[in-house]
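K.L.:
Sending over coords_18.cif (mmCIF, C-alpha atoms).
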data_data
loop_
_atom_site.label_atom_id
_atom_site.label_comp_id
_atom_site.auth_asym_id
_atom_site.auth_seq_id
_atom_site.Cartn_x
_atom_site.Cartn_y
_atom_site.Cartn_z
CA MET C 1 28.83 9.71 12.59
CA THR C 2 27.27 10.54 9.25
CA THR C 3 29.87 11.39 6.60
CA PRO C 4 29.38 13.81 3.66
CA THR C 5 29.44 10.83 1.31
CA SER C 6 26.74 8.91 3.18
CA THR C 7 24.63 12.09 3.49
CA SER C 8 24.82 12.58 -0.27
CA THR C 9 24.00 8.91 -0.85
CA ALA C 10 21.01 9.07 1.50
CA ALA C 11 19.61 12.15 -0.23
CA ARG C 12 20.02 10.60 -3.67
CA ALA C 13 18.50 7.33 -2.50
CA ALA C 14 15.55 9.16 -0.94
CA ALA C 15 14.95 10.98 -4.23
CA ILE C 16 14.94 7.66 -6.11
CA VAL C 17 12.43 6.15 -3.69
CA SER C 18 10.20 9.25 -3.75
CA GLN C 19 10.12 9.24 -7.55
CA TYR C 20 9.30 5.52 -7.60
CA PHE C 21 6.28 5.93 -5.33
CA SER C 22 5.08 9.32 -6.62
CA ALA C 23 2.90 8.12 -9.51
CA PRO C 24 1.12 5.32 -7.58
CA ILE C 25 0.42 7.62 -4.64
CA ALA C 26 -0.83 10.45 -6.86
CA SER C 27 -3.08 8.03 -8.73
CA LEU C 28 -4.44 6.60 -5.48
CA GLU C 29 -5.17 10.01 -3.97
CA ALA C 30 -6.98 11.07 -7.15
CA THR C 31 -8.98 7.83 -7.09
CA ALA C 32 -9.98 8.38 -3.46
CA LEU C 33 -11.36 11.84 -4.29
CA LEU C 34 -13.20 10.65 -7.39
CA LEU C 35 -14.69 7.65 -5.61
CA GLY C 36 -16.00 9.86 -2.85
CA THR C 37 -17.78 12.03 -5.43
CA GLU C 38 -19.10 9.06 -7.41
CA LEU C 39 -20.28 7.18 -4.33
CA ALA C 40 -22.09 10.27 -3.09
CA ALA C 41 -23.87 10.63 -6.44
CA SER C 42 -24.85 6.95 -6.48
CA GLY C 43 -26.01 7.12 -2.87
CA ASN C 44 -28.37 9.94 -3.71
CA LEU C 45 -30.24 7.47 -5.92
CA GLY C 46 -30.74 4.99 -3.08
CA PRO C 47 -28.85 2.46 -0.91
CA LEU C 48 -25.61 1.10 -2.37
CA SER C 49 -25.02 -2.57 -3.26
CA SER C 50 -21.78 -4.49 -3.78
CA GLN C 51 -22.49 -4.67 -7.53
CA GLN C 52 -22.81 -0.89 -7.72
CA ILE C 53 -19.54 -0.51 -5.83
CA ASP C 54 -17.73 -2.95 -8.14
CA ALA C 55 -18.98 -1.12 -11.24
CA LEU C 56 -17.72 2.19 -9.89
CA VAL C 57 -14.38 0.86 -8.66
CA GLU C 58 -13.34 -1.38 -11.58
CA PRO C 59 -12.18 1.32 -14.03
CA HIS C 60 -10.19 3.07 -11.30
CA ALA C 61 -8.58 -0.19 -10.14
CA LEU C 62 -7.64 -1.26 -13.67
CA ALA C 63 -6.16 2.15 -14.44
CA THR C 64 -4.04 1.97 -11.27
CA VAL C 65 -2.77 -1.55 -11.96
CA ALA C 66 -1.88 -0.46 -15.51
CA LEU C 67 0.33 2.44 -14.42
CA PRO C 68 3.72 2.29 -16.19
CA ASP C 69 7.16 1.97 -14.56
CA VAL C 70 5.91 0.55 -11.24
CA HIS C 71 4.55 -3.00 -11.07
CA ILE C 72 1.34 -2.66 -9.07
CA TYR C 73 -0.04 -6.07 -8.15
CA GLY C 74 -3.56 -5.07 -7.14
CA ALA C 75 -5.84 -2.11 -6.47
CA GLY C 76 -9.37 -1.31 -5.44
CA PHE C 77 -11.69 -0.11 -2.68
CA ILE C 78 -12.58 -1.56 0.70
CA ALA C 79 -15.91 -0.44 2.15
CA THR C 80 -16.49 0.32 5.78
CA VAL C 81 -18.88 -1.89 7.74
CA GLY C 82 -22.50 -1.01 7.08
CA LEU C 83 -22.04 0.96 3.88
CA LEU C 84 -23.73 -1.61 1.63
CA THR C 85 -27.18 -3.14 1.63
CA ASP C 86 -26.24 -6.71 0.68
CA GLU C 87 -22.93 -7.33 2.48
CA ARG C 88 -21.62 -6.43 5.92
CA ASN C 89 -18.39 -5.25 4.32
CA HIS C 90 -16.91 -5.58 0.86
CA LEU C 91 -13.51 -5.91 -0.80
CA SER C 92 -13.76 -4.56 -4.36
CA TRP C 93 -10.32 -5.53 -5.64
CA TRP C 94 -8.57 -6.37 -8.94
CA GLN C 95 -5.14 -7.97 -9.09
CA GLY C 96 -2.65 -9.93 -11.18
CA ASP C 97 -0.80 -9.42 -14.47
CA ASP C 98 -4.12 -9.91 -16.27
CA PRO C 99 -6.21 -8.21 -13.58
CA LYS C 100 -9.25 -10.09 -12.35
CA ARG C 101 -11.55 -9.27 -9.47
CA LEU C 102 -10.45 -10.98 -6.28
CA LEU C 103 -12.84 -13.66 -5.07
CA LEU C 104 -12.05 -14.79 -1.55
CA ALA C 105 -12.23 -18.54 -1.14
CA ALA C 106 -15.14 -19.39 1.14
CA GLN C 107 -13.28 -22.37 2.58
CA SER C 108 -10.30 -20.26 3.70
CA VAL C 109 -11.70 -16.79 4.39
CA ASN C 110 -15.18 -15.83 5.52
CA LYS C 111 -15.26 -12.28 4.23
CA GLU C 112 -18.49 -11.51 6.03
CA HIS C 113 -16.59 -11.78 9.31
CA ILE C 114 -13.37 -9.98 8.38
CA ASP C 115 -12.96 -6.86 10.50
CA TYR C 116 -11.00 -4.60 8.17
CA SER C 117 -10.91 -1.90 10.86
CA GLU C 118 -8.30 -3.96 12.71
CA LEU C 119 -5.92 -4.05 9.75
CA GLU C 120 -3.25 -1.33 9.66
CA TRP C 121 -3.85 -0.25 6.05
CA PHE C 122 -7.54 0.36 6.86
CA ARG C 123 -7.33 1.49 10.49
CA VAL C 124 -4.74 4.26 10.11
CA PRO C 125 -6.48 6.14 7.23
CA MET C 126 -9.79 5.71 9.08
CA GLU C 127 -8.37 7.17 12.31
CA THR C 128 -6.15 9.91 10.84
CA GLY C 129 -7.96 10.93 7.65
CA ARG C 130 -4.64 10.65 5.80
CA GLY C 131 -3.01 8.19 3.44
CA HIS C 132 -0.80 5.47 4.89
CA VAL C 133 1.91 3.02 3.83
CA ALA C 134 1.57 -0.37 5.55
CA GLY C 135 4.13 -3.13 5.39
CA PRO C 136 6.09 -5.02 4.55
CA TYR C 137 3.81 -7.81 5.76
CA VAL C 138 2.63 -11.19 4.47
CA ASP C 139 -0.74 -10.48 2.86
CA TYR C 140 -2.79 -13.59 3.58
CA LEU C 141 -5.93 -11.88 2.29
CA CYS C 142 -4.89 -11.21 -1.31
CA SER C 143 -1.45 -12.39 -2.42
CA ASP C 144 0.10 -14.64 0.27
CA GLU C 145 3.35 -12.75 -0.39
CA TYR C 146 5.40 -10.01 1.26
CA THR C 147 3.50 -6.85 0.37
CA ILE C 148 3.37 -3.10 0.80
CA THR C 149 -0.15 -1.65 0.86
CA ILE C 150 -0.73 2.05 0.25
CA ALA C 151 -4.19 3.27 1.25
CA ALA C 152 -6.05 6.59 1.15
CA PRO C 153 -9.32 7.39 2.96
CA VAL C 154 -12.52 7.89 0.97
CA HIS C 155 -15.12 10.29 2.37
CA ILE C 156 -18.68 11.28 1.52
CA ASP C 157 -19.48 14.75 2.88
CA GLY C 158 -16.77 14.32 5.50
CA THR C 159 -17.88 10.85 6.57
CA PHE C 160 -15.37 8.00 6.21
CA VAL C 161 -16.76 5.22 3.96
CA GLY C 162 -13.67 3.13 3.22
CA VAL C 163 -10.22 3.23 1.66
CA ALA C 164 -8.83 3.20 -1.85
CA GLY C 165 -5.74 1.01 -1.88
CA LEU C 166 -3.01 -0.59 -3.94
CA ASP C 167 -0.57 -3.43 -3.35
CA LEU C 168 3.09 -3.64 -4.31
CA LEU C 169 4.82 -7.00 -3.93
CA ILE C 170 8.20 -6.71 -2.22
CA ASP C 171 9.65 -8.98 -4.90
CA SER C 172 8.73 -6.41 -7.57
CA VAL C 173 9.93 -3.47 -5.47
CA GLU C 174 13.28 -5.20 -5.00
CA ARG C 175 13.69 -5.93 -8.71
CA GLN C 176 12.84 -2.35 -9.66
CA LEU C 177 14.53 -0.35 -6.88
CA LEU C 178 17.54 -2.34 -5.68
CA PRO C 179 19.59 -1.96 -8.90
CA LYS C 180 19.11 1.83 -8.79
CA LEU C 181 20.05 2.01 -5.12
CA ALA C 182 23.02 -0.31 -5.59
CA GLU C 183 24.44 2.05 -8.23
CA LEU C 184 24.95 4.67 -5.48
CA GLY C 185 27.82 2.63 -4.07
CA ASP C 186 27.15 2.75 -0.34
CA LYS C 187 24.98 0.25 1.51
CA VAL C 188 21.41 1.59 1.43
CA THR C 189 18.45 0.39 3.50
CA LEU C 190 14.85 1.52 3.11
CA VAL C 191 12.80 1.38 6.32
CA ASN C 192 9.16 2.04 7.13
CA SER C 193 7.62 4.34 9.74
CA VAL C 194 7.84 1.72 12.50
CA GLY C 195 11.49 0.92 11.86
CA ARG C 196 11.30 -2.27 9.84
CA VAL C 197 13.38 -2.98 6.77
CA VAL C 198 11.52 -2.77 3.46
CA ILE C 199 14.48 -3.52 1.17
CA SER C 200 18.25 -3.21 1.50
CA THR C 201 21.29 -3.44 -0.74
CA ASP C 202 23.08 -4.98 2.27
CA PRO C 203 22.31 -8.73 2.48
CA ARG C 204 22.68 -8.54 6.28
CA HIS C 205 19.35 -6.69 6.48
CA ALA C 206 16.35 -8.72 5.34
CA THR C 207 12.84 -7.52 4.61
CA GLY C 208 10.88 -7.29 7.85
CA ASP C 209 13.93 -7.02 10.13
CA ALA C 210 13.53 -4.56 13.01
CA VAL C 211 16.02 -1.68 13.02
CA ARG C 212 15.79 -1.29 16.81
CA GLY C 213 18.67 -2.96 18.60
CA GLY C 214 20.56 -3.70 15.39
CA ALA C 215 23.50 -2.18 13.53
CA LEU C 216 21.25 0.42 11.86
CA ALA C 217 19.66 1.74 15.06
CA GLU C 218 22.07 4.63 15.67
CA LEU C 219 22.47 5.76 12.08
CA GLU C 220 20.80 8.88 10.72
CA ARG C 221 17.63 8.49 8.68
CA THR C 222 16.62 10.57 5.67
CA GLU C 223 12.93 11.01 4.90
CA CYS C 224 11.59 10.17 1.44
CA GLU C 225 9.42 13.06 0.31
CA GLY C 226 5.79 12.18 -0.33
CA VAL C 227 5.90 8.70 1.19
CA ALA C 228 6.30 7.59 4.83
CA LEU C 229 9.59 5.75 4.28
CA GLU C 230 13.16 6.57 5.28
CA ILE C 231 16.65 5.87 3.99
CA ILE C 232 19.61 4.71 6.07
CA ALA C 233 22.94 4.90 4.24
CA GLU C 234 26.07 3.22 5.60
#
When written as structure tokens, how does the structure in this file appear?
P.N.:
Amino acid sequence: MTTPTSTSTAARAAAIVSQYFSAPIASLEATALLLGTELAASGNLGPLSSQQIDALVEPHALATVALPDVHIYGAGFIATVGLLTDERNHLSWWQGDDPKRLLLAAQSVNKEHIDYSELEWFRVPMETGRGHVAGPYVDYLCSDEYTITIAAPVHIDGTFVGVAGLDLLIDSVERQLLPKLAELGDKVTLVNSVGRVVISTDPRHATGDAVRGGALAELERTECEGVALEIIAE
């Protein structure tokens, strides 16, 4: 049974998480709208190339990575198949503490044959027309680390052309959020929309653990406003 104390803790924890994610999500949504407008204007001048895309995306990606208070590892735009003249698909992405454009190693990843439409952070915004939080998952494409990807669909005149996205490393999220959640006293676990642990102040619950069938399964969840994550307080 949920006690008044745990209810209060859950609400306070949810507010902390919502505030943490609010600026990155707002920035990403604004970027998605601007990119749609800018891509439409560029497209009116003729077919789009990967160089044109990179020139448009770079200032938005760098501004997102530079946001204060939240350590954003990478940001950019991923084009849908067939949008560009010179590449089947394209990952226009900047990442790192001194952000550089991501160059996929030819010997490990053949980007011409990556089907982004199969990846959750691309597929869900494409299918729903709404932003999505994917992860935690090991991002073998960009960071090789446990990652949360937030993505928002980009449209030109109602047609889906790709997603604007940003990456948060779980290591950074833990360092920034866990101390604040731990101050609440009770054991607090943050879970994603499919019931997997994102972070927890309880060492029994590791990142990526499934809630189903475990000690957390029957406990009440509290939604975090503005982001598809939930709090479980014990």
K.L.:
Which residue is closest to C:Asp115? Choose from C:Thr128, C:Ser42, C:Thr80, C:Ser143 and count only C-alpha atoms.
P.N.:
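Comparing C:Thr128, C:Ser42, C:Thr80, C:Ser143 against C:Asp115, the winner is C:Thr80.
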K.L.:
Could you tell me which residues the PyMOL selection byres ((chain C and resi 75) around 6) returns for this structure, as a ChimeraX atom specification?
P.N.:
/C:61,74,76,93-94,165-166
K.L.:
Do you have the atom CA of C:Ala206-atom CA of C:Thr149 distance handy?
P.N.:
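Result for atom CA of C:Ala206 versus atom CA of C:Thr149: 18.5 Å, one decimal.
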K.L.:
Report the residues retrieved by the PyMOL selection byres ((chain C and resi 81) around 12) from the displayed file, expressed as a list in words.
P.N.:
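Given this file, the PyMOL selection byres ((chain C and resi 81) around 12) evaluates to Ile78, Ala79, Thr80, Gly82, Leu83, Leu84, Thr85, Asp86, Glu87, Arg88, Asn89, His90, Leu91, Lys111, Glu112, His113, Ile114, Asp115, Tyr116, Ser117, Glu118, Phe122, Met126, Phe160, Val161, Gly162 and Val163 of chain C.
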K.L.:
May I ask for the distance between atom CA of C:Leu39 and atom CA of C:Ala63, given in Å to one decimal place?
P.N.:
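According to the coordinates, atom CA of C:Leu39 and atom CA of C:Ala63 are separated by 18.1 Å.
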K.L.:
Given the choices C:Ile72, C:Ala217, C:Ala40, C:Ala164, which gets closest to C:Val57 if the distance is worked out from all atoms listed in the file?
P.N.:
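Ranked by minimum distance to C:Val57, first place goes to C:Ala164.
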K.L.:
If I take atom CA of C:Glu234 and atom CA of C:Ala10, how far is one from the other in Å, to one decimal?
P.N.:
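That distance, rounded to one decimal, is 8.8 Å.
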K.L.:
Report as a PyMOL selection string the full result of the PyMOL selection byres ((chain C and resi 176-193) around 8) when it is applied to this structure.
P.N.:
chain C and resi 6+9-10+12-13+16-17+20+70+135+172-175+194-202+205+228-234
K.L.:
Starting from the incomplete input, reconstruct N, CA, C and O atoms of stretch 52-71 of chain C and write that as a tab-separated table (two decimals), in the frame of the given file.
P.N.:
chain	number	residue	atom	x	y	z
C	52	GLN	N	-22.99	-2.30	-7.38
C	52	GLN	CA	-22.81	-0.89	-7.72
C	52	GLN	C	-21.38	-0.43	-7.40
C	52	GLN	O	-20.75	0.27	-8.19
C	53	ILE	N	-20.90	-0.86	-6.23
C	53	ILE	CA	-19.54	-0.51	-5.83
C	53	ILE	C	-18.54	-1.06	-6.83
C	53	ILE	O	-17.63	-0.35	-7.29
C	54	ASP	N	-18.67	-2.33	-7.19
C	54	ASP	CA	-17.73	-2.95	-8.14
C	54	ASP	C	-17.73	-2.22	-9.48
C	54	ASP	O	-16.67	-2.02	-10.09
C	55	ALA	N	-18.89	-1.82	-9.96
C	55	ALA	CA	-18.98	-1.12	-11.24
C	55	ALA	C	-18.28	0.23	-11.18
C	55	ALA	O	-17.63	0.64	-12.15
C	56	LEU	N	-18.38	0.90	-10.05
C	56	LEU	CA	-17.72	2.19	-9.89
C	56	LEU	C	-16.20	2.03	-9.75
C	56	LEU	O	-15.42	2.81	-10.29
C	57	VAL	N	-15.79	1.01	-9.01
C	57	VAL	CA	-14.38	0.86	-8.66
C	57	VAL	C	-13.56	0.28	-9.80
C	57	VAL	O	-12.39	0.66	-10.00
C	58	GLU	N	-14.13	-0.64	-10.58
C	58	GLU	CA	-13.34	-1.38	-11.58
C	58	GLU	C	-12.50	-0.49	-12.49
C	58	GLU	O	-11.29	-0.75	-12.65
C	59	PRO	N	-13.04	0.54	-13.14
C	59	PRO	CA	-12.18	1.32	-14.03
C	59	PRO	C	-11.03	2.01	-13.30
C	59	PRO	O	-9.92	2.12	-13.85
C	60	HIS	N	-11.26	2.44	-12.07
C	60	HIS	CA	-10.19	3.07	-11.30
C	60	HIS	C	-9.11	2.04	-10.95
C	60	HIS	O	-7.91	2.32	-11.05
C	61	ALA	N	-9.53	0.86	-10.52
C	61	ALA	CA	-8.58	-0.19	-10.14
C	61	ALA	C	-7.74	-0.63	-11.33
C	61	ALA	O	-6.51	-0.77	-11.23
C	62	LEU	N	-8.37	-0.82	-12.48
C	62	LEU	CA	-7.64	-1.26	-13.67
C	62	LEU	C	-6.66	-0.20	-14.14
C	62	LEU	O	-5.55	-0.51	-14.60
C	63	ALA	N	-7.06	1.07	-14.04
C	63	ALA	CA	-6.16	2.15	-14.44
C	63	ALA	C	-4.95	2.21	-13.51
C	63	ALA	O	-3.81	2.46	-13.97
C	64	THR	N	-5.15	1.95	-12.23
C	64	THR	CA	-4.04	1.97	-11.27
C	64	THR	C	-3.08	0.81	-11.52
C	64	THR	O	-1.86	1.00	-11.57
C	65	VAL	N	-3.62	-0.38	-11.71
C	65	VAL	CA	-2.77	-1.55	-11.96
C	65	VAL	C	-1.98	-1.39	-13.26
C	65	VAL	O	-0.86	-1.92	-13.39
C	66	ALA	N	-2.52	-0.64	-14.21
C	66	ALA	CA	-1.88	-0.46	-15.51
C	66	ALA	C	-0.85	0.67	-15.54
C	66	ALA	O	-0.26	0.93	-16.59
C	67	LEU	N	-0.63	1.35	-14.43
C	67	LEU	CA	0.33	2.44	-14.42
C	67	LEU	C	1.70	1.94	-14.88
C	67	LEU	O	2.14	0.86	-14.49
C	68	PRO	N	2.40	2.73	-15.71
C	68	PRO	CA	3.72	2.29	-16.19
C	68	PRO	C	4.79	2.47	-15.14
C	68	PRO	O	4.61	3.17	-14.14
C	69	ASP	N	5.92	1.80	-15.35
C	69	ASP	CA	7.16	1.97	-14.56
C	69	ASP	C	7.15	1.31	-13.19
C	69	ASP	O	8.20	0.93	-12.69
C	70	VAL	N	6.00	1.21	-12.54
C	70	VAL	CA	5.91	0.55	-11.24
C	70	VAL	C	4.95	-0.63	-11.36
C	70	VAL	O	3.83	-0.46	-11.83
C	71	HIS	N	5.39	-1.81	-10.94
C	71	HIS	CA	4.55	-3.00	-11.07
C	71	HIS	C	3.60	-3.07	-9.88
C	71	HIS	O	3.97	-3.50	-8.79
